[in-house]
Every structure is written in structure tokens, then in C-alpha cells.
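The data block below is input07.txt; it holds compact mmCIF, N, CA and C atoms.
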```txt
# COMPACT_ATOMS: atom_id res chain seq x y z
N MET Y 1 142.72 82.59 88.97
CA MET Y 1 142.05 81.32 88.78
C MET Y 1 142.65 80.65 87.54
N GLU Y 2 142.94 79.38 87.68
CA GLU Y 2 143.55 78.62 86.59
C GLU Y 2 142.59 78.47 85.41
N ARG Y 3 143.15 78.53 84.23
CA ARG Y 3 142.39 78.28 83.01
C ARG Y 3 142.91 77.02 82.36
N ILE Y 4 141.98 76.20 81.89
CA ILE Y 4 142.33 74.98 81.19
C ILE Y 4 141.79 75.09 79.77
N TYR Y 5 142.65 74.84 78.79
CA TYR Y 5 142.26 74.97 77.39
C TYR Y 5 142.19 73.59 76.75
N VAL Y 6 141.10 73.33 76.05
CA VAL Y 6 140.93 72.07 75.32
C VAL Y 6 140.90 72.43 73.84
N PRO Y 7 142.00 72.20 73.12
CA PRO Y 7 142.06 72.61 71.72
C PRO Y 7 141.19 71.74 70.81
N VAL Y 8 140.85 72.31 69.68
CA VAL Y 8 140.16 71.56 68.63
C VAL Y 8 141.12 70.47 68.17
N GLU Y 9 140.56 69.33 67.78
CA GLU Y 9 141.41 68.24 67.31
C GLU Y 9 142.21 68.69 66.08
N GLU Y 10 143.47 68.32 66.06
CA GLU Y 10 144.37 68.71 64.97
C GLU Y 10 143.84 68.26 63.61
N GLU Y 11 143.14 67.13 63.57
CA GLU Y 11 142.60 66.62 62.30
C GLU Y 11 141.67 67.63 61.63
N LEU Y 12 140.90 68.36 62.43
CA LEU Y 12 139.98 69.34 61.84
C LEU Y 12 140.76 70.47 61.19
N PHE Y 13 141.77 70.99 61.87
CA PHE Y 13 142.57 72.06 61.28
C PHE Y 13 143.16 71.61 59.94
N GLU Y 14 143.66 70.39 59.93
CA GLU Y 14 144.24 69.86 58.70
C GLU Y 14 143.18 69.67 57.62
N ALA Y 15 142.00 69.15 58.01
CA ALA Y 15 140.95 68.87 57.04
C ALA Y 15 140.42 70.13 56.38
N ILE Y 16 140.30 71.22 57.14
CA ILE Y 16 139.76 72.45 56.55
C ILE Y 16 140.87 73.39 56.07
N GLY Y 17 142.12 73.00 56.28
CA GLY Y 17 143.24 73.81 55.81
C GLY Y 17 143.38 75.12 56.57
N SER Y 18 143.01 75.12 57.84
CA SER Y 18 143.07 76.34 58.64
C SER Y 18 144.47 76.63 59.13
N LYS Y 19 144.87 77.89 58.99
CA LYS Y 19 146.16 78.33 59.52
C LYS Y 19 145.98 78.87 60.94
N SER Y 20 144.77 79.25 61.28
CA SER Y 20 144.53 79.74 62.64
C SER Y 20 144.13 78.57 63.53
N ARG Y 21 144.35 78.73 64.82
CA ARG Y 21 144.02 77.71 65.81
C ARG Y 21 143.10 78.31 66.86
N TRP Y 22 142.26 77.49 67.44
CA TRP Y 22 141.39 77.94 68.51
C TRP Y 22 141.11 76.75 69.42
N ASN Y 23 140.49 77.04 70.54
CA ASN Y 23 140.15 76.01 71.51
C ASN Y 23 138.66 75.70 71.43
N ASP Y 24 138.32 74.42 71.58
CA ASP Y 24 136.92 74.02 71.65
C ASP Y 24 136.31 74.46 72.98
N VAL Y 25 137.10 74.35 74.05
CA VAL Y 25 136.60 74.64 75.39
C VAL Y 25 137.68 75.37 76.19
N VAL Y 26 137.23 76.34 76.95
CA VAL Y 26 138.09 76.98 77.95
C VAL Y 26 137.36 76.83 79.28
N ARG Y 27 138.08 76.26 80.26
CA ARG Y 27 137.50 76.07 81.59
C ARG Y 27 138.15 77.04 82.56
N VAL Y 28 137.32 77.78 83.28
CA VAL Y 28 137.77 78.67 84.33
C VAL Y 28 136.96 78.31 85.56
N GLY Y 29 137.63 77.76 86.56
CA GLY Y 29 136.92 77.29 87.75
C GLY Y 29 135.97 76.17 87.36
N ASP Y 30 134.71 76.34 87.70
CA ASP Y 30 133.74 75.30 87.39
C ASP Y 30 132.91 75.60 86.14
N THR Y 31 133.31 76.63 85.39
CA THR Y 31 132.56 77.03 84.20
C THR Y 31 133.35 76.70 82.93
N LEU Y 32 132.66 76.08 81.99
CA LEU Y 32 133.25 75.75 80.70
C LEU Y 32 132.58 76.58 79.62
N TRP Y 33 133.38 77.20 78.80
CA TRP Y 33 132.91 78.00 77.67
C TRP Y 33 133.24 77.21 76.42
N VAL Y 34 132.22 76.77 75.71
CA VAL Y 34 132.41 75.93 74.53
C VAL Y 34 132.18 76.76 73.28
N THR Y 35 133.19 76.78 72.42
CA THR Y 35 133.10 77.55 71.19
C THR Y 35 132.01 77.01 70.28
N GLY Y 36 131.61 77.81 69.31
CA GLY Y 36 130.59 77.38 68.36
C GLY Y 36 130.97 76.10 67.65
N GLN Y 37 130.03 75.18 67.59
CA GLN Y 37 130.24 73.89 66.94
C GLN Y 37 129.40 73.85 65.67
N LEU Y 38 130.07 73.61 64.56
CA LEU Y 38 129.38 73.49 63.28
C LEU Y 38 129.07 72.03 63.00
N GLY Y 39 128.25 71.81 62.02
CA GLY Y 39 127.85 70.46 61.65
C GLY Y 39 128.80 69.82 60.67
N TRP Y 40 130.07 69.74 61.05
CA TRP Y 40 131.02 69.13 60.14
C TRP Y 40 131.65 67.90 60.75
N ASP Y 41 132.06 67.05 59.86
CA ASP Y 41 132.80 65.87 60.24
C ASP Y 41 134.21 66.35 60.56
N LYS Y 42 134.64 66.17 61.78
CA LYS Y 42 135.93 66.72 62.21
C LYS Y 42 137.13 66.00 61.60
N THR Y 43 136.92 64.86 60.96
CA THR Y 43 138.05 64.18 60.32
C THR Y 43 138.18 64.57 58.85
N THR Y 44 137.05 64.89 58.20
CA THR Y 44 137.10 65.27 56.78
C THR Y 44 137.00 66.78 56.58
N GLY Y 45 136.45 67.50 57.58
CA GLY Y 45 136.25 68.93 57.44
C GLY Y 45 135.07 69.28 56.56
N LYS Y 46 134.27 68.29 56.19
CA LYS Y 46 133.12 68.55 55.32
C LYS Y 46 131.86 68.78 56.15
N LEU Y 47 131.13 69.82 55.77
CA LEU Y 47 129.86 70.08 56.42
C LEU Y 47 128.81 69.08 55.94
N ALA Y 48 127.96 68.67 56.85
CA ALA Y 48 126.80 67.87 56.44
C ALA Y 48 125.95 68.75 55.52
N GLU Y 49 125.10 68.14 54.73
CA GLU Y 49 124.39 68.92 53.72
C GLU Y 49 123.14 69.61 54.22
N THR Y 50 122.25 68.91 54.88
CA THR Y 50 120.97 69.51 55.27
C THR Y 50 121.07 70.15 56.64
N LEU Y 51 120.11 71.00 56.96
CA LEU Y 51 120.06 71.61 58.28
C LEU Y 51 119.99 70.54 59.35
N GLU Y 52 119.14 69.55 59.16
CA GLU Y 52 118.97 68.50 60.16
C GLU Y 52 120.28 67.73 60.38
N GLU Y 53 120.97 67.41 59.30
CA GLU Y 53 122.25 66.70 59.41
C GLU Y 53 123.29 67.58 60.11
N GLN Y 54 123.31 68.87 59.78
CA GLN Y 54 124.25 69.78 60.42
C GLN Y 54 123.94 69.93 61.91
N ALA Y 55 122.66 70.04 62.25
CA ALA Y 55 122.29 70.16 63.67
C ALA Y 55 122.72 68.92 64.44
N GLU Y 56 122.45 67.76 63.88
CA GLU Y 56 122.83 66.49 64.52
C GLU Y 56 124.35 66.42 64.71
N MET Y 57 125.10 66.72 63.68
CA MET Y 57 126.56 66.65 63.76
C MET Y 57 127.11 67.71 64.72
N ALA Y 58 126.56 68.91 64.69
CA ALA Y 58 127.02 69.97 65.59
C ALA Y 58 126.77 69.59 67.05
N LEU Y 59 125.63 68.99 67.33
CA LEU Y 59 125.34 68.55 68.69
C LEU Y 59 126.24 67.39 69.11
N GLU Y 60 126.58 66.52 68.18
CA GLU Y 60 127.55 65.46 68.47
C GLU Y 60 128.93 66.08 68.74
N ASN Y 61 129.29 67.10 67.97
CA ASN Y 61 130.56 67.78 68.18
C ASN Y 61 130.58 68.48 69.53
N LEU Y 62 129.45 69.09 69.92
CA LEU Y 62 129.33 69.71 71.23
C LEU Y 62 129.52 68.67 72.33
N LYS Y 63 128.84 67.55 72.19
CA LYS Y 63 128.96 66.45 73.15
C LYS Y 63 130.41 65.99 73.27
N GLY Y 64 131.09 65.86 72.14
CA GLY Y 64 132.49 65.43 72.13
C GLY Y 64 133.42 66.45 72.78
N ALA Y 65 133.20 67.73 72.49
CA ALA Y 65 134.03 68.78 73.08
C ALA Y 65 133.86 68.79 74.60
N LEU Y 66 132.63 68.68 75.04
CA LEU Y 66 132.36 68.62 76.48
C LEU Y 66 133.05 67.41 77.11
N GLY Y 67 132.95 66.27 76.45
CA GLY Y 67 133.55 65.05 76.97
C GLY Y 67 135.06 65.18 77.12
N ARG Y 68 135.71 65.81 76.14
CA ARG Y 68 137.16 65.99 76.22
C ARG Y 68 137.55 66.93 77.35
N ALA Y 69 136.58 67.75 77.81
CA ALA Y 69 136.82 68.67 78.93
C ALA Y 69 136.31 68.10 80.25
N GLY Y 70 135.86 66.83 80.23
CA GLY Y 70 135.39 66.20 81.46
C GLY Y 70 133.97 66.55 81.85
N ALA Y 71 133.17 66.96 80.87
CA ALA Y 71 131.78 67.34 81.16
C ALA Y 71 130.84 66.56 80.25
N LYS Y 72 129.55 66.77 80.45
CA LYS Y 72 128.55 66.11 79.62
C LYS Y 72 127.43 67.09 79.31
N LEU Y 73 126.55 66.69 78.41
CA LEU Y 73 125.47 67.58 77.99
C LEU Y 73 124.60 68.03 79.16
N SER Y 74 124.42 67.17 80.15
CA SER Y 74 123.60 67.55 81.30
C SER Y 74 124.23 68.65 82.16
N ASP Y 75 125.51 68.97 81.92
CA ASP Y 75 126.18 70.06 82.62
C ASP Y 75 125.93 71.42 81.95
N VAL Y 76 125.37 71.41 80.76
CA VAL Y 76 125.15 72.64 80.00
C VAL Y 76 124.03 73.45 80.64
N VAL Y 77 124.32 74.75 80.86
CA VAL Y 77 123.32 75.65 81.45
C VAL Y 77 122.81 76.68 80.46
N LEU Y 78 123.53 76.86 79.34
CA LEU Y 78 123.13 77.85 78.34
C LEU Y 78 123.65 77.42 76.97
N THR Y 79 122.80 77.53 75.97
CA THR Y 79 123.26 77.36 74.59
C THR Y 79 122.86 78.59 73.80
N ARG Y 80 123.66 78.86 72.77
CA ARG Y 80 123.32 79.89 71.79
C ARG Y 80 123.37 79.20 70.44
N VAL Y 81 122.26 79.26 69.73
CA VAL Y 81 122.15 78.63 68.42
C VAL Y 81 122.04 79.73 67.38
N TYR Y 82 122.84 79.60 66.34
CA TYR Y 82 122.82 80.56 65.23
C TYR Y 82 122.30 79.85 63.99
N LEU Y 83 121.30 80.48 63.36
CA LEU Y 83 120.66 79.93 62.17
C LEU Y 83 120.70 80.98 61.07
N VAL Y 84 120.59 80.54 59.82
CA VAL Y 84 120.56 81.49 58.70
C VAL Y 84 119.15 81.69 58.16
N ASP Y 85 118.18 81.00 58.73
CA ASP Y 85 116.80 81.10 58.27
C ASP Y 85 115.87 80.90 59.46
N HIS Y 86 114.97 81.82 59.68
CA HIS Y 86 114.03 81.73 60.81
C HIS Y 86 113.23 80.44 60.77
N ASP Y 87 112.88 79.96 59.60
CA ASP Y 87 112.11 78.71 59.48
C ASP Y 87 112.88 77.47 59.93
N HIS Y 88 114.19 77.60 60.09
CA HIS Y 88 114.99 76.46 60.54
C HIS Y 88 114.78 76.13 62.01
N TYR Y 89 114.26 77.09 62.77
CA TYR Y 89 114.06 76.85 64.21
C TYR Y 89 113.21 75.60 64.44
N HIS Y 90 112.10 75.51 63.76
CA HIS Y 90 111.20 74.37 63.96
C HIS Y 90 111.78 73.06 63.42
N ARG Y 91 112.73 73.18 62.52
CA ARG Y 91 113.35 71.97 61.96
C ARG Y 91 114.44 71.42 62.88
N TYR Y 92 115.15 72.27 63.59
CA TYR Y 92 116.20 71.76 64.47
C TYR Y 92 115.68 71.42 65.86
N GLU Y 93 114.55 71.97 66.24
CA GLU Y 93 114.02 71.78 67.59
C GLU Y 93 113.89 70.31 68.01
N PRO Y 94 113.33 69.41 67.19
CA PRO Y 94 113.21 68.01 67.62
C PRO Y 94 114.58 67.33 67.83
N ILE Y 95 115.56 67.72 67.04
CA ILE Y 95 116.90 67.16 67.18
C ILE Y 95 117.52 67.66 68.48
N TYR Y 96 117.41 68.94 68.72
CA TYR Y 96 117.92 69.55 69.96
C TYR Y 96 117.29 68.88 71.17
N ALA Y 97 116.00 68.65 71.13
CA ALA Y 97 115.28 68.06 72.26
C ALA Y 97 115.78 66.65 72.57
N ARG Y 98 116.24 65.91 71.58
CA ARG Y 98 116.81 64.58 71.83
C ARG Y 98 118.11 64.66 72.63
N TYR Y 99 118.89 65.71 72.42
CA TYR Y 99 120.16 65.86 73.12
C TYR Y 99 119.99 66.45 74.52
N PHE Y 100 118.90 67.17 74.73
CA PHE Y 100 118.60 67.75 76.04
C PHE Y 100 117.18 67.33 76.44
N PRO Y 101 116.99 66.03 76.73
CA PRO Y 101 115.63 65.51 76.94
C PRO Y 101 115.00 65.89 78.27
N ASP Y 102 115.79 66.07 79.31
CA ASP Y 102 115.20 66.28 80.63
C ASP Y 102 115.26 67.73 81.08
N GLN Y 103 116.43 68.17 81.43
CA GLN Y 103 116.61 69.54 81.91
C GLN Y 103 117.20 70.38 80.79
N GLN Y 104 116.32 71.03 80.05
CA GLN Y 104 116.82 71.83 78.93
C GLN Y 104 117.51 73.08 79.47
N PRO Y 105 118.69 73.38 78.93
CA PRO Y 105 119.39 74.60 79.37
C PRO Y 105 118.67 75.84 78.85
N ALA Y 106 119.01 76.97 79.42
CA ALA Y 106 118.56 78.24 78.86
C ALA Y 106 119.09 78.30 77.43
N ARG Y 107 118.32 78.92 76.53
CA ARG Y 107 118.73 78.90 75.12
C ARG Y 107 118.40 80.22 74.47
N VAL Y 108 119.31 80.63 73.61
CA VAL Y 108 119.10 81.78 72.75
C VAL Y 108 119.24 81.28 71.32
N SER Y 109 118.28 81.59 70.47
CA SER Y 109 118.37 81.26 69.04
C SER Y 109 118.40 82.57 68.27
N VAL Y 110 119.40 82.71 67.42
CA VAL Y 110 119.62 83.95 66.70
C VAL Y 110 119.66 83.66 65.21
N VAL Y 111 118.95 84.47 64.43
CA VAL Y 111 119.02 84.35 62.97
C VAL Y 111 120.03 85.39 62.48
N VAL Y 112 121.00 84.91 61.71
CA VAL Y 112 122.06 85.77 61.19
C VAL Y 112 122.05 85.71 59.67
N ALA Y 113 122.73 86.65 59.03
CA ALA Y 113 122.76 86.70 57.57
C ALA Y 113 123.56 85.54 56.99
N GLU Y 114 124.66 85.18 57.66
CA GLU Y 114 125.51 84.13 57.13
C GLU Y 114 126.39 83.60 58.26
N LEU Y 115 126.74 82.32 58.15
CA LEU Y 115 127.67 81.70 59.09
C LEU Y 115 128.95 81.33 58.36
N ILE Y 116 130.03 81.21 59.09
CA ILE Y 116 131.31 80.83 58.51
C ILE Y 116 131.18 79.49 57.78
N HIS Y 117 131.91 79.34 56.73
CA HIS Y 117 131.91 78.13 55.90
C HIS Y 117 130.53 77.85 55.29
N HIS Y 118 129.67 78.86 55.26
CA HIS Y 118 128.31 78.75 54.70
C HIS Y 118 127.48 77.70 55.44
N ALA Y 119 127.77 77.53 56.73
CA ALA Y 119 127.01 76.58 57.55
C ALA Y 119 125.58 77.08 57.72
N LEU Y 120 124.70 76.15 58.08
CA LEU Y 120 123.30 76.47 58.32
C LEU Y 120 122.97 76.51 59.81
N PHE Y 121 123.87 75.95 60.65
CA PHE Y 121 123.60 75.78 62.07
C PHE Y 121 124.92 75.88 62.83
N ASP Y 122 124.90 76.60 63.93
CA ASP Y 122 126.08 76.74 64.79
C ASP Y 122 125.57 76.79 66.22
N ILE Y 123 126.23 76.08 67.14
CA ILE Y 123 125.81 76.08 68.54
C ILE Y 123 127.01 76.26 69.44
N GLU Y 124 126.89 77.14 70.42
CA GLU Y 124 127.90 77.30 71.45
C GLU Y 124 127.23 77.05 72.79
N ALA Y 125 128.03 76.82 73.82
CA ALA Y 125 127.43 76.47 75.11
C ALA Y 125 128.28 76.95 76.28
N VAL Y 126 127.60 77.08 77.41
CA VAL Y 126 128.25 77.31 78.69
C VAL Y 126 127.80 76.15 79.59
N ALA Y 127 128.77 75.52 80.25
CA ALA Y 127 128.47 74.40 81.14
C ALA Y 127 129.09 74.68 82.50
N VAL Y 128 128.49 74.11 83.54
CA VAL Y 128 129.02 74.22 84.88
C VAL Y 128 129.22 72.83 85.42
N VAL Y 129 130.43 72.57 85.91
CA VAL Y 129 130.76 71.26 86.47
C VAL Y 129 131.30 71.43 87.88
N ASP Y 130 131.31 70.37 88.62
CA ASP Y 130 131.86 70.36 89.97
C ASP Y 130 133.34 70.70 89.89
N THR Y 131 133.80 71.59 90.74
CA THR Y 131 135.21 72.01 90.70
C THR Y 131 136.16 70.86 91.03
N ASP Y 132 135.65 69.77 91.58
CA ASP Y 132 136.49 68.62 91.85
C ASP Y 132 136.60 67.70 90.65
N SER Y 133 135.89 68.02 89.53
CA SER Y 133 135.90 67.16 88.33
C SER Y 133 137.22 67.25 87.62
```

Turn the structure described in the file into C-alpha cells.
Amino acid sequence: MERIYVPVEEELFEAIGSKSRWNDVVRVGDTLWVTGQLGWDKTTGKLAETLEEQAEMALENLKGALGRAGAKLSDVVLTRVYLVDHDHYHRYEPIYARYFPDQQPARVSVVVAELIHHALFDIEAVAVVDTDS
């Protein structure tokens, strides 16, 4: 089965000074695997400051990654959200609900000790699209 890779925008690698490269999305058949999206501005590489700002930006980044792969948020069937504080769940929930207002995907929320780049919020997703897309 063919795999399609959608790389992270080059501007982000340059902005954060990363020597490693990765893909935002890998599509296999009708399934898209979206890498974790942090709450950073992809042109400056700077993380938003508050949890709410990071959640908003990460969800915008998720939306953008899906769009570059020919999908949309309504195609998402599963998200995994990583937080550094259990109390953050109730703070990001209203923001998340705005991005998934109708058919909310299955979701896993995990509290971890630390996230890369000292982020407060990280979201990854699995989406399913029509194979003719």
C-alpha cells in the first residue's frame, strides 16, 4: 500500500534550529497519522505562553497539517492529548470543543512529567478519509 508523507514546513525547522526532520502526516490508504502538534507559531518557532494559547495554536496546527494532507478536522477519529498538569484538562476542554463541535472523535488525555520544548499541550490525531480524496 502506498504511503504519502506530508513534511513539516521548512520554516519551522529553521525557526527552532532543528537538525532532525519529521513528517506532520503519513497517509496509508485512507488513514492519516498526524504527529503531535505543539502550540507554537510555525514561522517563529516560539511556543505560545499559556496553556489556553498553546491549545488553540496546537489545534490550529493540527487543522493545518490535516489540510495539507487533504483532510479536515471532521475526518479525525482519534486524538491523543498530552498535558503536564491534570488540572489543565478542564482548561483546554472548552477550546477543544470549539474545534470538534459536532462529532467528537475518540480521545485519550494523558498527563506526563514533561513535554519536548517545555510545552504544556501536545495533540496527535488519526483521521480517516475517502480513498478517492

Hey, which of Y:Thr44, Y:Ser109, Y:Gln103, Y:Gln54 ends up closest to Val76 of chain Y? Count all atoms listed in the file.
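When distances to Val76 of chain Y are compared using all atoms listed in the file, the smallest one comes from Y:Gln103.
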
Two-atom distance - atom CA of Leu38 of chain Y, atom CA of Pro101 of chain Y (Å):
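A separation of 21.0 Å between them.
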
Point-to-point distance in Å for atom CA of Gln37 of chain Y and atom CA of Leu62 of chain Y:
6.1 Å

Pick out each residue of chain Y that DSSP on the backbone tags as strand (DSSP E); I need them as a PyMOL selection string.
chain Y and resi 3-7+23-28+31-38+76-83+106-111+121-128

Please identify all polymer residues within 6 Å of Asn23 of chain Y, counting only C-alpha atoms, omitting same-chain residues fewer than 5 positions from it, and present them as JSON, numbers by chain.
{"Y": [6, 7, 8]}

Quick one: everything within 7 Å of segment 87-99 of chain Y, counting only N, CA and C atoms, minus sequence neighbours fewer than 3 positions away in the same chain. Send it as a PyMOL selection string.
chain Y and resi 51-52+55-56+73+83-84+102

Could you work out how far atom CA of Gln104 of chain Y lies from atom CA of His118 of chain Y, giving the answer in Å with one decimal?
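Result for atom CA of His118 of chain Y versus atom CA of Gln104 of chain Y: 27.7 Å, one decimal.
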
Counting only C-alpha atoms, I want the residues whose atoms come within 10 Å of (120.0, 83.6, 72.1) in the file frame, returned as an NGL selection string.
:Y and (78-82 or 106-111)

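Among Y:Met57, Y:Val129, Y:Ala71, Y:Leu47, the residue with the shortest atom-to-atom distance to His117 of chain Y, counting all atoms listed in the file, is Y:Leu47.
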
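Among Y:Ala58, Y:Arg3, Y:Ala127, Y:Thr43, the residue with the shortest atom-to-atom distance to Ser74 of chain Y, counting all atoms listed in the file, is Y:Ala127.
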
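Minimum atom-to-atom distances from Y:Gly70, Y:Asp75, Y:Val34, Y:Ile4 to Glu124 of chain Y were compared using all atoms listed in the file, and the lowest value belongs to Y:Val34.
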
Between Y:Ala119, Y:Asp30, Y:Ala65, Y:Gly39, single out the one closest to Glu53 of chain Y, counting all atoms listed in the file.
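The answer is Y:Gly39, which sits nearest to Glu53 of chain Y.
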
Which of Y:Arg68, Y:His86, Y:Asp24, Y:Pro105 sits closest to Phe121 of chain Y [using only C-alpha atoms]
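Selected residue with least distance to Phe121 of chain Y: Y:His86.
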